[in-house]
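Engineer: Below is the file entry.cif, with mmCIF, C-alpha atoms.
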```
data_my_file
loop_
_atom_site.group_PDB
_atom_site.id
_atom_site.type_symbol
_atom_site.label_atom_id
_atom_site.label_comp_id
_atom_site.auth_asym_id
_atom_site.auth_seq_id
_atom_site.Cartn_x
_atom_site.Cartn_y
_atom_site.Cartn_z
ATOM 1 C CA MET A 1 0.000 0.000 0.000
ATOM 2 C CA THR A 2 1.412 3.387 -1.012
ATOM 3 C CA LYS A 3 1.999 5.764 1.904
ATOM 4 C CA THR A 4 1.474 9.512 1.579
ATOM 5 C CA VAL A 5 4.134 11.833 2.959
ATOM 6 C CA SER A 6 4.369 15.485 3.955
ATOM 7 C CA ALA A 7 7.836 17.027 4.016
ATOM 8 C CA VAL A 8 8.410 19.761 6.615
ATOM 9 C CA VAL A 9 11.287 22.199 6.062
ATOM 10 C CA VAL A 10 12.096 24.871 8.649
ATOM 11 C CA THR A 11 13.938 27.897 7.271
ATOM 12 C CA TYR A 12 15.502 31.108 8.497
ATOM 13 C CA ASN A 13 17.324 33.460 6.111
ATOM 14 C CA ARG A 14 19.122 30.877 3.968
ATOM 15 C CA LEU A 15 17.323 31.412 0.696
ATOM 16 C CA ALA A 16 19.953 29.986 -1.678
ATOM 17 C CA LEU A 17 20.110 26.726 0.271
ATOM 18 C CA LEU A 18 16.342 26.624 0.714
ATOM 19 C CA LYS A 19 15.813 26.782 -3.056
ATOM 20 C CA GLU A 20 18.093 23.768 -3.463
ATOM 21 C CA VAL A 21 16.282 21.850 -0.721
ATOM 22 C CA ILE A 22 12.850 22.474 -2.245
ATOM 23 C CA GLN A 23 14.125 21.449 -5.679
ATOM 24 C CA SER A 24 15.534 18.220 -4.249
ATOM 25 C CA LEU A 25 12.175 17.443 -2.659
ATOM 26 C CA GLN A 26 10.413 18.059 -5.966
ATOM 27 C CA ASN A 27 12.835 15.649 -7.676
ATOM 28 C CA GLN A 28 12.057 12.608 -5.525
ATOM 29 C CA ILE A 29 11.545 9.310 -7.371
ATOM 30 C CA VAL A 30 8.621 8.690 -5.017
ATOM 31 C CA PRO A 31 6.787 12.031 -5.019
ATOM 32 C CA VAL A 32 6.197 13.980 -1.821
ATOM 33 C CA ASP A 33 2.498 14.711 -1.360
ATOM 34 C CA HIS A 34 2.909 18.021 0.466
ATOM 35 C CA ILE A 35 5.935 20.282 0.953
ATOM 36 C CA ILE A 36 5.351 22.387 4.067
ATOM 37 C CA VAL A 37 7.831 25.237 4.508
ATOM 38 C CA VAL A 38 7.871 26.888 7.934
ATOM 39 C CA ASP A 39 9.469 30.336 7.706
ATOM 40 C CA ASN A 40 10.835 31.595 11.037
ATOM 41 C CA ALA A 41 10.174 35.251 10.131
ATOM 42 C CA SER A 42 12.910 35.448 7.511
ATOM 43 C CA GLU A 43 13.667 38.619 5.573
ATOM 44 C CA GLN A 44 11.569 39.784 2.637
ATOM 45 C CA ASP A 45 13.482 37.912 -0.091
ATOM 46 C CA THR A 46 12.589 34.549 1.441
ATOM 47 C CA LYS A 47 8.967 35.574 1.839
ATOM 48 C CA ASP A 48 8.739 36.781 -1.763
ATOM 49 C CA TYR A 49 10.270 33.589 -3.140
ATOM 50 C CA LEU A 50 8.077 31.244 -1.135
ATOM 51 C CA GLU A 51 4.935 33.169 -2.053
ATOM 52 C CA SER A 52 5.979 32.976 -5.711
ATOM 53 C CA LEU A 53 5.822 29.161 -5.582
ATOM 54 C CA GLY A 54 2.064 29.273 -5.097
ATOM 55 C CA SER A 55 0.458 25.850 -4.815
ATOM 56 C CA GLN A 56 3.788 24.013 -5.195
ATOM 57 C CA ILE A 57 4.238 24.300 -1.433
ATOM 58 C CA GLU A 58 2.282 24.907 1.755
ATOM 59 C CA TYR A 59 3.755 28.150 3.118
ATOM 60 C CA LEU A 60 3.560 28.761 6.857
ATOM 61 C CA ARG A 61 5.160 32.068 7.858
ATOM 62 C CA LEU A 62 5.656 32.732 11.572
ATOM 63 C CA GLU A 63 5.437 36.235 13.006
ATOM 64 C CA GLU A 64 8.605 35.740 15.065
ATOM 65 C CA ASN A 65 11.607 33.438 15.060
ATOM 66 C CA LEU A 66 10.705 30.516 17.321
ATOM 67 C CA GLY A 67 13.958 28.694 16.652
ATOM 68 C CA GLY A 68 14.225 25.283 15.071
ATOM 69 C CA ALA A 69 12.184 23.745 17.885
ATOM 70 C CA GLY A 70 9.248 26.100 17.402
ATOM 71 C CA GLY A 71 9.463 25.750 13.639
ATOM 72 C CA PHE A 72 9.238 21.966 13.765
ATOM 73 C CA ASN A 73 6.444 22.192 16.327
ATOM 74 C CA ARG A 74 4.405 24.360 13.945
ATOM 75 C CA GLY A 75 5.289 22.320 10.869
ATOM 76 C CA ILE A 76 4.355 18.957 12.360
ATOM 77 C CA ARG A 77 1.174 20.497 13.785
ATOM 78 C CA TYR A 78 0.294 21.724 10.278
ATOM 79 C CA PHE A 79 0.883 18.215 8.902
ATOM 80 C CA MET A 80 -1.457 16.741 11.522
ATOM 81 C CA GLU A 81 -4.214 19.339 11.245
ATOM 82 C CA ASN A 82 -4.186 20.218 7.531
ATOM 83 C CA THR A 83 -3.266 17.005 5.702
ATOM 84 C CA ASN A 84 -4.336 13.378 5.757
ATOM 85 C CA ASP A 85 -0.834 12.095 4.952
ATOM 86 C CA ASP A 86 0.416 8.948 6.631
ATOM 87 C CA MET A 87 3.904 10.200 7.477
ATOM 88 C CA VAL A 88 5.882 13.382 8.043
ATOM 89 C CA TRP A 89 9.464 13.854 6.827
ATOM 90 C CA VAL A 90 11.294 16.672 8.621
ATOM 91 C CA MET A 91 14.510 18.502 7.751
ATOM 92 C CA ASP A 92 16.461 21.743 8.045
ATOM 93 C CA ASP A 93 16.822 24.223 5.205
ATOM 94 C CA ASP A 94 20.356 23.008 4.433
ATOM 95 C CA THR A 95 19.371 19.350 3.994
ATOM 96 C CA VAL A 96 19.571 18.369 0.328
ATOM 97 C CA VAL A 97 17.859 15.022 -0.165
ATOM 98 C CA HIS A 98 18.909 12.598 -2.894
ATOM 99 C CA PRO A 99 16.400 11.447 -5.534
ATOM 100 C CA ASP A 100 15.982 8.022 -3.882
ATOM 101 C CA THR A 101 16.012 9.146 -0.213
ATOM 102 C CA LEU A 102 12.271 8.924 0.375
ATOM 103 C CA GLN A 103 12.009 5.788 -1.752
ATOM 104 C CA ASN A 104 14.539 4.033 0.491
ATOM 105 C CA LEU A 105 12.958 5.256 3.721
ATOM 106 C CA LEU A 106 9.563 3.979 2.594
ATOM 107 C CA ALA A 107 11.038 0.658 1.453
ATOM 108 C CA PHE A 108 12.337 0.065 4.961
ATOM 109 C CA ALA A 109 9.003 1.211 6.408
ATOM 110 C CA GLU A 110 7.334 -1.563 4.418
ATOM 111 C CA GLU A 111 9.660 -4.101 6.051
ATOM 112 C CA GLU A 112 9.354 -2.627 9.577
ATOM 113 C CA PRO A 113 5.975 -0.862 9.723
ATOM 114 C CA ASN A 114 5.994 -0.512 13.530
ATOM 115 C CA PHE A 115 8.755 2.084 13.813
ATOM 116 C CA GLY A 116 9.063 5.134 16.032
ATOM 117 C CA PHE A 117 11.252 7.060 13.601
ATOM 118 C CA LEU A 118 13.539 6.476 10.619
ATOM 119 C CA ALA A 119 16.756 8.463 10.255
ATOM 120 C CA SER A 120 18.805 9.022 7.116
ATOM 121 C CA ASP A 121 22.543 8.591 6.653
ATOM 122 C CA VAL A 122 23.592 12.249 6.775
ATOM 123 C CA ARG A 123 26.730 13.147 4.821
ATOM 124 C CA TRP A 124 28.655 16.384 4.436
ATOM 125 C CA THR A 125 29.487 17.838 1.051
ATOM 126 C CA ASP A 126 32.672 15.728 0.760
ATOM 127 C CA GLY A 127 30.708 12.497 1.129
ATOM 128 C CA HIS A 128 31.843 11.704 4.669
ATOM 129 C CA ARG A 129 29.446 11.409 7.604
ATOM 130 C CA ALA A 130 28.278 14.765 8.963
ATOM 131 C CA LYS A 131 29.743 15.076 12.465
ATOM 132 C CA MET A 132 26.690 16.948 13.751
ATOM 133 C CA ASN A 133 24.507 14.007 12.733
ATOM 134 C CA GLN A 134 26.416 10.926 13.823
ATOM 135 C CA PRO A 135 23.915 8.082 14.335
ATOM 136 C CA ALA A 136 23.531 6.972 17.959
ATOM 137 C CA PRO A 137 23.199 3.162 18.181
ATOM 138 C CA MET A 138 21.710 1.467 21.234
ATOM 139 C CA ASN A 139 25.235 0.459 22.248
ATOM 140 C CA ARG A 140 27.028 3.807 22.478
ATOM 141 C CA LEU A 141 30.395 2.031 22.614
ATOM 142 C CA LYS A 142 29.749 1.093 18.997
ATOM 143 C CA VAL A 143 30.430 3.482 16.105
ATOM 144 C CA ILE A 144 28.359 2.888 12.981
ATOM 145 C CA PRO A 145 30.857 2.754 10.099
ATOM 146 C CA GLU A 146 30.432 4.879 6.997
ATOM 147 C CA ASP A 147 30.056 1.761 4.852
ATOM 148 C CA GLN A 148 27.188 0.398 6.969
ATOM 149 C CA VAL A 149 24.651 -1.377 4.771
ATOM 150 C CA GLU A 150 22.135 -2.929 7.159
ATOM 151 C CA PRO A 151 19.687 -0.748 9.118
ATOM 152 C CA ILE A 152 20.323 -0.576 12.854
ATOM 153 C CA GLN A 153 18.268 0.528 15.854
ATOM 154 C CA LEU A 154 19.043 3.972 17.306
ATOM 155 C CA GLN A 155 18.637 5.682 20.666
ATOM 156 C CA ASN A 156 17.827 9.028 19.054
ATOM 157 C CA ALA A 157 18.376 11.059 15.882
ATOM 158 C CA THR A 158 18.410 14.614 14.533
ATOM 159 C CA PHE A 159 15.841 16.532 12.502
ATOM 160 C CA VAL A 160 18.003 16.215 9.388
ATOM 161 C CA SER A 161 15.849 13.895 7.278
ATOM 162 C CA LEU A 162 13.691 12.114 9.830
ATOM 163 C CA LEU A 163 10.519 10.156 8.978
ATOM 164 C CA LEU A 164 7.682 9.702 11.508
ATOM 165 C CA ARG A 165 4.296 8.003 11.323
ATOM 166 C CA ARG A 166 1.121 9.993 11.949
ATOM 167 C CA GLN A 167 0.151 7.499 14.672
ATOM 168 C CA ILE A 168 3.376 8.194 16.556
ATOM 169 C CA VAL A 169 2.871 11.970 16.424
ATOM 170 C CA SER A 170 -0.706 11.522 17.598
ATOM 171 C CA GLN A 171 0.533 9.473 20.543
ATOM 172 C CA ILE A 172 3.604 11.441 21.681
ATOM 173 C CA GLY A 173 2.648 15.003 20.773
ATOM 174 C CA LEU A 174 4.787 17.704 19.170
ATOM 175 C CA PRO A 175 8.371 18.919 19.556
ATOM 176 C CA ILE A 176 8.786 21.307 22.483
ATOM 177 C CA THR A 177 8.769 24.928 21.313
ATOM 178 C CA ASP A 178 10.384 26.153 24.539
ATOM 179 C CA PHE A 179 13.593 24.289 23.664
ATOM 180 C CA PHE A 180 14.115 27.022 21.008
ATOM 181 C CA ILE A 181 17.318 25.417 19.708
ATOM 182 C CA TRP A 182 19.417 22.395 20.558
ATOM 183 C CA GLY A 183 18.234 19.018 21.729
ATOM 184 C CA ASP A 184 14.618 19.296 20.581
ATOM 185 C CA ASP A 185 15.237 16.511 18.063
ATOM 186 C CA ILE A 186 17.069 14.291 20.585
ATOM 187 C CA GLU A 187 14.233 14.675 23.106
ATOM 188 C CA TYR A 188 11.563 14.110 20.474
ATOM 189 C CA THR A 189 13.097 10.981 18.942
ATOM 190 C CA GLU A 190 13.743 9.505 22.383
ATOM 191 C CA ARG A 191 10.068 10.164 23.152
ATOM 192 C CA ALA A 192 9.127 8.340 19.950
ATOM 193 C CA GLY A 193 11.597 5.551 20.679
ATOM 194 C CA ARG A 194 9.842 4.792 23.966
ATOM 195 C CA VAL A 195 6.741 3.897 21.921
ATOM 196 C CA ALA A 196 8.373 1.982 19.046
ATOM 197 C CA PRO A 197 11.993 1.429 17.949
ATOM 198 C CA GLY A 198 13.746 3.988 15.769
ATOM 199 C CA TYR A 199 16.148 2.976 13.014
ATOM 200 C CA PHE A 200 19.083 4.268 10.992
ATOM 201 C CA VAL A 201 18.492 3.586 7.282
ATOM 202 C CA PRO A 202 21.909 3.775 5.554
ATOM 203 C CA SER A 203 20.500 3.568 2.022
ATOM 204 C CA ALA A 204 18.533 6.802 2.583
ATOM 205 C CA LYS A 205 21.335 9.307 2.196
ATOM 206 C CA VAL A 206 21.138 13.109 2.309
ATOM 207 C CA THR A 207 23.706 15.907 2.102
ATOM 208 C CA HIS A 208 23.844 18.340 5.021
ATOM 209 C CA LYS A 209 25.335 21.516 3.562
ATOM 210 C CA MET A 210 26.807 23.005 6.719
ATOM 211 C CA ALA A 211 29.574 25.566 6.270
ATOM 212 C CA SER A 212 32.088 23.144 7.805
ATOM 213 C CA ASN A 213 31.980 19.570 9.010
ATOM 214 C CA VAL A 214 32.440 20.055 12.736
ATOM 215 C CA GLY A 215 30.542 18.910 15.781
ATOM 216 C CA SER A 216 29.290 21.244 18.500
ATOM 217 C CA SER A 217 31.800 22.063 21.245
ATOM 218 C CA LEU A 218 31.554 24.804 23.851
ATOM 219 C CA LEU A 219 35.286 24.381 24.400
ATOM 220 C CA ASN A 220 36.190 25.208 20.798
ATOM 221 C CA ASP A 221 33.307 27.299 19.451
ATOM 222 C CA GLY A 222 33.703 30.985 18.725
ATOM 223 C CA PRO A 223 32.372 33.925 20.768
ATOM 224 C CA ASN A 224 29.230 34.420 18.679
ATOM 225 C CA ARG A 225 28.033 30.894 19.402
ATOM 226 C CA THR A 226 28.874 30.655 23.109
ATOM 227 C CA PRO A 227 25.525 32.070 24.371
ATOM 228 C CA ARG A 228 23.641 29.381 22.429
ATOM 229 C CA TYR A 229 25.077 26.708 24.689
ATOM 230 C CA PHE A 230 22.740 27.885 27.440
ATOM 231 C CA TYR A 231 19.965 26.111 25.530
ATOM 232 C CA SER A 232 22.116 23.028 24.995
ATOM 233 C CA TYR A 233 22.730 22.427 28.692
ATOM 234 C CA ARG A 234 19.301 23.564 29.881
ATOM 235 C CA ASN A 235 17.496 21.311 27.434
ATOM 236 C CA LYS A 236 19.826 18.397 28.108
ATOM 237 C CA GLU A 237 19.080 18.605 31.828
ATOM 238 C CA TYR A 238 15.406 18.158 30.951
ATOM 239 C CA TYR A 239 15.580 15.239 28.567
ATOM 240 C CA ILE A 240 18.143 13.186 30.463
ATOM 241 C CA ARG A 241 15.687 13.144 33.389
ATOM 242 C CA LYS A 242 13.425 11.044 31.180
ATOM 243 C CA ARG A 243 16.066 8.344 30.642
ATOM 244 C CA GLY A 244 16.683 5.165 32.590
ATOM 245 C CA TRP A 245 19.184 5.078 35.468
ATOM 246 C CA TYR A 246 22.229 4.031 33.469
ATOM 247 C CA ARG A 247 21.823 6.406 30.528
ATOM 248 C CA ARG A 248 20.806 9.274 32.807
ATOM 249 C CA ASN A 249 23.894 8.962 34.991
ATOM 250 C CA ARG A 250 26.173 8.409 32.007
ATOM 251 C CA ALA A 251 24.934 11.697 30.530
ATOM 252 C CA LYS A 252 25.499 13.504 33.838
ATOM 253 C CA ALA A 253 29.048 12.129 33.974
ATOM 254 C CA ARG A 254 29.647 13.381 30.429
ATOM 255 C CA ILE A 255 28.479 16.893 31.369
ATOM 256 C CA LEU A 256 30.781 16.860 34.402
ATOM 257 C CA ALA A 257 33.678 15.768 32.211
ATOM 258 C CA GLU A 258 32.952 18.621 29.779
ATOM 259 C CA TYR A 259 32.987 21.079 32.670
ATOM 260 C CA TRP A 260 36.391 19.944 33.896
ATOM 261 C CA GLN A 261 37.758 19.811 30.367
ATOM 262 C CA ILE A 262 36.959 23.512 29.984
ATOM 263 C CA LYS A 263 38.042 24.329 33.538
ATOM 264 C CA LEU A 264 41.498 22.803 33.039
ATOM 265 C CA SER A 265 42.002 24.033 29.471
ATOM 266 C CA ASN A 266 43.696 27.115 28.058
ATOM 267 C CA THR A 267 40.638 28.042 26.019
ATOM 268 C CA GLU A 268 39.844 31.705 25.428
ATOM 269 C CA ARG A 269 36.940 33.227 27.419
ATOM 270 C CA LYS A 270 37.042 30.296 29.842
ATOM 271 C CA GLU A 271 35.000 32.022 32.545
ATOM 272 C CA GLU A 272 32.310 33.044 30.054
ATOM 273 C CA LYS A 273 32.006 29.473 28.817
ATOM 274 C CA LEU A 274 31.827 28.019 32.320
ATOM 275 C CA ALA A 275 29.245 30.625 33.336
ATOM 276 C CA THR A 276 27.090 29.785 30.284
ATOM 277 C CA MET A 277 27.298 26.095 31.097
ATOM 278 C CA LYS A 278 26.415 26.564 34.777
ATOM 279 C CA LYS A 279 23.549 28.914 33.904
ATOM 280 C CA GLY A 280 22.076 26.343 31.522
ATOM 281 C CA ILE A 281 22.424 23.475 33.991
ATOM 282 C CA LYS A 282 20.820 25.529 36.773
ATOM 283 C CA ALA A 283 17.905 26.552 34.546
ATOM 284 C CA GLY A 284 17.466 22.936 33.432
ATOM 285 C CA LYS A 285 16.825 21.763 36.996
ATOM 286 C CA LYS A 286 13.490 23.609 36.969
ATOM 287 C CA PHE A 287 12.790 23.431 33.234
ATOM 288 C CA ASN A 288 9.570 21.476 32.779
ATOM 289 C CA PRO A 289 7.897 22.555 29.525
ATOM 290 C CA VAL A 290 4.426 21.445 28.505
ATOM 291 C CA ILE A 291 4.139 18.912 25.660
ATOM 292 C CA GLU A 292 1.530 20.065 23.151
ATOM 293 C CA PHE A 293 -0.681 17.805 21.037
ATOM 294 C CA ALA A 294 -2.176 18.545 17.639
ATOM 295 C CA ASN A 295 -5.730 17.884 16.538
ATOM 296 C CA ASN A 296 -5.736 14.956 14.128
ATOM 297 C CA LYS A 297 -7.482 15.749 10.862
#
```
Rewrite the structure from the file as structure tokens, please.
Structural biologist:
Amino acid sequence: MTKTVSAVVVTYNRLALLKEVIQSLQNQIVPVDHIIVVDNASEQDTKDYLESLGSQIEYLRLEENLGGAGGFNRGIRYFMENTNDDMVWVMDDDTVVHPDTLQNLLAFAEEEPNFGFLASDVRWTDGHRAKMNQPAPMNRLKVIPEDQVEPIQLQNATFVSLLLRRQIVSQIGLPITDFFIWGDDIEYTERAGRVAPGYFVPSAKVTHKMASNVGSSLLNDGPNRTPRYFYSYRNKEYYIRKRGWYRRNRAKARILAEYWQIKLSNTERKEEKLATMKKGIKAGKKFNPVIEFANNK
């Protein structure tokens, strides 16, 4: 039975990349039924372009920038309340999908219909695995090699080409807008994974066109990005509370190790970085956002 799919793209002032992403969605071997673009109050050029596409897309413009978390919340809500599609396929505005990406995700969905989420193999522009999107297997001592062929179960995944069933969204609710940025996808896929297993599908490749292939690191990031890490540590404090004893305490140990790594390093702006980290951790102790649910059309 053919499944219908809505693609949700969240964008903010990256028009050149967004055009490429939309084109790649329109070039799928298995057509996407709806392309929903959530615009986080981008500048006029993005608005003009998206309006010019007319009925080719579903255009949802927000009055203010709600971050990636708020954008995906609104986009998945739109999918639930304004379409009858069976699945939602979410991605950032720098995620260029390959012609067979959706075809391969749906092929695996036919084999394993009771899934919580399906995650693509995310590569950088040089063909190597994108470091921001390394798949997280159930055994975190294991690293999934770049030549992996067989699908494998994951603990969580990112919103860079992620497929979810309508039934899962109906059951677990929407991404948490209050996360703003960082960790909303980890929390959401772990929420889905508690209902049904999530999988890495290596045949479903996409290209994540980040400026450089680096992971996130408060220790090494530049001054403009340091304040963002408040959200990273605040949000992490929330979602690790939902984990079992072993994974929860392992995550706490990792945060402690990061603190001492910065504390003992020669990094620039050390005190600013430590203050940002401590502020986020403190805020996370009391951070208890409400999970919203969409009406199911």
Engineer: Find, counting all atoms listed in the file, the residue in A:Thr2, A:Asn235, A:Gln261, A:Ser24 that gets nearest to Lys282 of chain A.
Structural biologist: A:Asn235
Engineer: With a cut-off of 7 Å, could you pull out the residues of segment 81-102 of chain A touching segment 162-170 of chain A and give me the nearest pair of atoms for each, distance in Å to one decimal, using only C-alpha atoms, ordered by chain and ascending number, as a tab-separated table?
Structural biologist:
```
residue	atom	partner	partner_atom	distance
A:Asp86	CA	A:Arg166	CA	5.5
A:Met87	CA	A:Arg165	CA	4.4
A:Val88	CA	A:Leu164	CA	5.4
A:Trp89	CA	A:Leu163	CA	4.4
A:Val90	CA	A:Leu162	CA	5.3
A:Met91	CA	A:Leu162	CA	6.8
```
Engineer: Kindly provide the residues of segment 29-66 of chain A that approach segment 10-22 of chain A to within 9 Å, each paired with its closest atom pair and their distance in Å to one decimal, based on only C-alpha atoms, listed by chain and increasing number, as JSON lines.
Structural biologist:
```
{"residue": "A:Ile35", "atom": "CA", "partner": "A:Ile22", "partner_atom": "CA", "distance": 7.9}
{"residue": "A:Ile36", "atom": "CA", "partner": "A:Val10", "partner_atom": "CA", "distance": 8.5}
{"residue": "A:Val37", "atom": "CA", "partner": "A:Val10", "partner_atom": "CA", "distance": 6.0}
{"residue": "A:Val38", "atom": "CA", "partner": "A:Val10", "partner_atom": "CA", "distance": 4.7}
{"residue": "A:Asp39", "atom": "CA", "partner": "A:Thr11", "partner_atom": "CA", "distance": 5.1}
{"residue": "A:Asn40", "atom": "CA", "partner": "A:Tyr12", "partner_atom": "CA", "distance": 5.3}
{"residue": "A:Ala41", "atom": "CA", "partner": "A:Tyr12", "partner_atom": "CA", "distance": 6.9}
{"residue": "A:Ser42", "atom": "CA", "partner": "A:Asn13", "partner_atom": "CA", "distance": 5.0}
{"residue": "A:Glu43", "atom": "CA", "partner": "A:Asn13", "partner_atom": "CA", "distance": 6.3}
{"residue": "A:Asp45", "atom": "CA", "partner": "A:Leu15", "partner_atom": "CA", "distance": 7.6}
{"residue": "A:Thr46", "atom": "CA", "partner": "A:Leu15", "partner_atom": "CA", "distance": 5.7}
{"residue": "A:Tyr49", "atom": "CA", "partner": "A:Leu15", "partner_atom": "CA", "distance": 8.3}
{"residue": "A:Ile57", "atom": "CA", "partner": "A:Ile22", "partner_atom": "CA", "distance": 8.8}
{"residue": "A:Asn65", "atom": "CA", "partner": "A:Tyr12", "partner_atom": "CA", "distance": 8.0}
```
Engineer: For this file, the PyMOL selection byres ((chain A and resi 158) around 7) selects which residues, as an MDAnalysis selection string?
Structural biologist: chainID A and resid 133 157 159:160 185:186
Engineer: Segment 26-53 of chain A near segment 102-110 of chain A within 9 Å: what's each residue's closest atom pair and its distance in Å to one decimal, counting only C-alpha atoms, ordered by chain then ascending residue number, as a tab-separated table?
Structural biologist:
```
residue	atom	partner	partner_atom	distance
A:Gln28	CA	A:Leu102	CA	7.0
A:Ile29	CA	A:Gln103	CA	6.6
A:Val30	CA	A:Gln103	CA	5.5
A:Pro31	CA	A:Leu102	CA	8.3
A:Val32	CA	A:Leu102	CA	8.2
```
Engineer: Could you spell out the hits of the PyMOL selection byres ((chain A and resi 268) around 12) on the shown file, as a list in words?
Structural biologist: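 Output from the PyMOL selection byres ((chain A and resi 268) around 12), applied to this file: Leu218, Leu219, Asn220, Asp221, Gly222, Pro223, Thr226, Ile262, Lys263, Leu264, Ser265, Asn266, Thr267, Arg269, Lys270, Glu271, Glu272, Lys273 and Leu274 of chain A.
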Engineer: For the provided coordinates, the residues matched by the PyMOL selection byres ((chain A and resi 191) around 12) should be stated as a PyMOL selection string.
Structural biologist: chain A and resi 116-117+155-157+164+168-169+171-176+184-190+192-198+239-240+242-243+291
Engineer: Filtering to C-alpha atoms, could you give me those residues as a CSV table (one decimal), in the coordinates of the input?
Structural biologist:
```
chain,number,residue,atom,x,y,z
A,116,GLY,CA,9.1,5.1,16.0
A,117,PHE,CA,11.3,7.1,13.6
A,155,GLN,CA,18.6,5.7,20.7
A,156,ASN,CA,17.8,9.0,19.1
A,157,ALA,CA,18.4,11.1,15.9
A,164,LEU,CA,7.7,9.7,11.5
A,168,ILE,CA,3.4,8.2,16.6
A,169,VAL,CA,2.9,12.0,16.4
A,171,GLN,CA,0.5,9.5,20.5
A,172,ILE,CA,3.6,11.4,21.7
A,173,GLY,CA,2.6,15.0,20.8
A,174,LEU,CA,4.8,17.7,19.2
A,175,PRO,CA,8.4,18.9,19.6
A,176,ILE,CA,8.8,21.3,22.5
A,184,ASP,CA,14.6,19.3,20.6
A,185,ASP,CA,15.2,16.5,18.1
A,186,ILE,CA,17.1,14.3,20.6
A,187,GLU,CA,14.2,14.7,23.1
A,188,TYR,CA,11.6,14.1,20.5
A,189,THR,CA,13.1,11.0,18.9
A,190,GLU,CA,13.7,9.5,22.4
A,192,ALA,CA,9.1,8.3,20.0
A,193,GLY,CA,11.6,5.6,20.7
A,194,ARG,CA,9.8,4.8,24.0
A,195,VAL,CA,6.7,3.9,21.9
A,196,ALA,CA,8.4,2.0,19.0
A,197,PRO,CA,12.0,1.4,17.9
A,198,GLY,CA,13.7,4.0,15.8
A,239,TYR,CA,15.6,15.2,28.6
A,240,ILE,CA,18.1,13.2,30.5
A,242,LYS,CA,13.4,11.0,31.2
A,243,ARG,CA,16.1,8.3,30.6
A,291,ILE,CA,4.1,18.9,25.7
```
